[in-house]
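Visitor: The structure follows.
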Amino acid sequence: MEINLGKLPFDIDFHPSNTLVAAGLINGDLHLYRYGANSLPQRLLEVHAHDEESCRAVRFINEGHAIVTGSPDHSILATDVETGSAIARLEHSHGAAINRLINLTETTIASGDDEGCIKVWDTRQQSCCNSFDAHEEYISDMTFASDSMKLLGVSGDGTLSVCNLRRNKVQVQSEFSEDELLSVVIMKNGRKVICGTQSGPLLLYSWGHFKDCSDRFIDLSPNSVDALLKLDEDRVITGSENGLISLVGILPNRIIQPIAEHSEYPVERLAFSFDRKYLGSISHDQMLKLWDLDDLLQGSGSTIRSQEAMADSDSDEMDVDAKETKRKTASNGQALNSSSSFFADL
């Protein structure tokens with residue numbers, strides 16, 4: 001299933017309980033589509049969310065009743081899903097262009113900007129409750145460990161940061177990897193953090209030992225890994241610069257199989273539909289593609305079983321390869337019971 005967005009997309013997000021998908025575009029537009037297995041996708045909304053700049057980040061909040069978007073104009077906008085009207089706009093949420101938004105808890109979201117600042121927004125208090133000057137360059141991706149209330153960020157400066165929300169401080173930051181970190185997921189029941197890089201290797205960090213990676217998986221090189229999407233505790237879906245979408249096993253590390261090819265252009269984002277029936281992907285070809293996940297994964301189960309005899313090693317006794325050198329310029333949650341209360345009175 002394909003949707004021609006008409007412009008270059010930067011981000012996508014699926015509704016947490018319905019067959020809706022939102023996309024943020026380079027011209028500042030926010031698009032909302034309804035999709036279904038037996039019908040053509042239908043565009044429900046086309047909102048010019050950000051007048052002068054692109055719409056870089058998109059997330060559903062408030063049980064799917066509203067969508068928040070982030071932009072290089074430094075603003076965060078909340079849009080009503082039913083009407084497309086602006087609920088609230090926080091004009092100067094950051095001092096630099098906003099590059100990433102993620103959901104944290106039922107009432108918090110996190111935003112990251114081009115100067116390495118990460119902020120956490122409490123929608124009940126209608127304010128910023130945490131701010132971390134975590135990095136020196138743009139925030140490329142973030143992920144959240146809810147059990148420990150740790151927010152992990154990766155950046156173009158080549159480091160991984162761990163922000164402690166309870167103590168409101170950057171708890172630890174990795175050494176420079178000499179390669180831009182572009183994507184991050186937590187796997188192995190919280191014991192491993194996986195980072196995608198500009199030159200292709202996946203860097204594996206052990207939880208609690210973030211200063212340097214414990215292992216490197218280089219089989220995706222030399223194509224950058226712009227998107228990571230956790231399938232389960234042992235498998236991650238990768239989106240690469242060459243347009244390939246691959247299923248990768250972690251510890252033991254191996255490419256289980258390429259599962260799709262979006263286009264010849266880099267895969268910008270990957271996301272699951274609410275029921276995990278579809279995998280969504282976007283790229284520079286201006287297309288949003290919805291892949292049937294069961295069809296993509298056919299045959300991967302036998303590959304997994306054939307390798308179960310291999311050591312399911314979570315140890316850190318892997319050899320650490322010399323770091324690559326290259327630089328590049330560049331959980332759906334809920335918010336409040338009423339969408340109108342997001343950023344109210346700011």
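Chain identifiers are assigned as A, B, and so on, following the order in which chains appear in the structure tokens; residues are numbered from 1 within each chain, and ligands are numbered from 1 in order of appearance.
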How close does range 43-78 of chain A get to range 106-122 of chain A? List, as JSON lines, each residue of range 43-78 of chain A within 9 Å, its nearest atom pair and the distance in Å to one decimal, counting only C-alpha atoms.

Guide:
{"residue": "A:Ala57", "atom": "CA", "partner": "A:Ser111", "partner_atom": "CA", "distance": 8.9}
{"residue": "A:Ile61", "atom": "CA", "partner": "A:Glu106", "partner_atom": "CA", "distance": 8.5}
{"residue": "A:Asn62", "atom": "CA", "partner": "A:Glu106", "partner_atom": "CA", "distance": 7.9}
{"residue": "A:Glu63", "atom": "CA", "partner": "A:Glu106", "partner_atom": "CA", "distance": 8.8}
{"residue": "A:Gly70", "atom": "CA", "partner": "A:Ser111", "partner_atom": "CA", "distance": 8.0}
{"residue": "A:Pro72", "atom": "CA", "partner": "A:Asp113", "partner_atom": "CA", "distance": 8.4}
{"residue": "A:His74", "atom": "CA", "partner": "A:Asp113", "partner_atom": "CA", "distance": 8.4}

Visitor: With only C-alpha atoms counted and 10 Å as the cut-off, give the residues of range 58-146 of chain A in contact with range 185-209 of chain A, each with its shortest interatomic distance in Å and the pair that gives it, as JSON lines.

Guide:
{"residue": "A:Asp141", "atom": "CA", "partner": "A:Val185", "partner_atom": "CA", "distance": 9.2}
{"residue": "A:Met142", "atom": "CA", "partner": "A:Val185", "partner_atom": "CA", "distance": 8.1}
{"residue": "A:Thr143", "atom": "CA", "partner": "A:Val185", "partner_atom": "CA", "distance": 6.3}
{"residue": "A:Phe144", "atom": "CA", "partner": "A:Ile186", "partner_atom": "CA", "distance": 8.3}
{"residue": "A:Ala145", "atom": "CA", "partner": "A:Ile186", "partner_atom": "CA", "distance": 7.8}

Visitor: The selected residues should be written to file as a PDB file, in the first residue's frame (atoms: C-alpha atoms).

Guide:
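Below you can see selection30.pdb, which holds the result:
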ATOM      1  CA  ASP A 141      16.882  10.144  17.961  1.00  0.00           C
ATOM      2  CA  MET A 142      15.704   9.356  21.499  1.00  0.00           C
ATOM      3  CA  THR A 143      14.237   6.425  23.396  1.00  0.00           C
ATOM      4  CA  PHE A 144      12.853   5.998  26.906  1.00  0.00           C
ATOM      5  CA  ALA A 145      13.461   3.388  29.628  1.00  0.00           C
TER       6      ALA A 145
END

Visitor: I'd like the neighbourhood of Leu229 in chain A as an NGL selection string, where a residue qualifies if any of its atoms comes within 7 Å (using only C-alpha atoms), though same-chain residues fewer than 4 positions away should be ignored.

Guide: :A and (236-238 or 270-271)

Visitor: If you run DSSP on the backbone here, which positions in range 68-257 of chain A get strand (DSSP E)? Please write them as a ChimeraX atom specification.

Guide: /A:68-70,76-80,86-90,98-103,108-113,117-122,127-133,139-145,150-155,160-164,169-173,181-187,192-197,202-206,215-217,225-230,235-240,244-249,254-257

Visitor: CA of Gln286 in chain A and CA of Ala78 in chain A, how far apart in Å?

Guide: 24.0 Å

Visitor: Excluding Leu220 in chain A and its own-chain neighbours fewer than 2 positions away, which residues fall within 12 Å of it when counting only C-alpha atoms? Please give them as number ranges by chain.

Guide: A: 196-203, 216-218, 222-226, 237-248, 253-258

Visitor: Nearest to Asp157 in chain A among A:Ser281, A:Ser174, A:Thr79, A:Gln298, with distances taken over only C-alpha atoms: which residue is it?

Guide: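 Closest candidate: A:Ser174.
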
Visitor: Against range 36-52 of chain A, which residues of range 62-179 of chain A fall within 8 Å? For each one I want the closest pair of atoms and the distance in Å (one decimal), counting only C-alpha atoms, rows by chain and increasing residue number, as JSON lines.

Guide:
{"residue": "A:Thr69", "atom": "CA", "partner": "A:Ala49", "partner_atom": "CA", "distance": 7.8}
{"residue": "A:Ser71", "atom": "CA", "partner": "A:His50", "partner_atom": "CA", "distance": 6.9}
{"residue": "A:Asp73", "atom": "CA", "partner": "A:Glu52", "partner_atom": "CA", "distance": 7.2}
{"residue": "A:Leu77", "atom": "CA", "partner": "A:Ala49", "partner_atom": "CA", "distance": 7.2}
{"residue": "A:Gly84", "atom": "CA", "partner": "A:Leu45", "partner_atom": "CA", "distance": 6.4}

Visitor: Kindly indicate which residue among A:Phe210, A:Phe274, A:Tyr265, A:Tyr138 lies nearest to Ser161 in chain A, using only C-alpha atoms for the distances.

Guide: A:Phe210

Visitor: Name the closest residue to Ser146 in chain A among the candidates A:Ser273, A:Gln171, A:Ser54, A:Thr105; distances are taken between atoms, counting only C-alpha atoms.

Guide: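 Smallest distance to Ser146 in chain A is found for A:Thr105.
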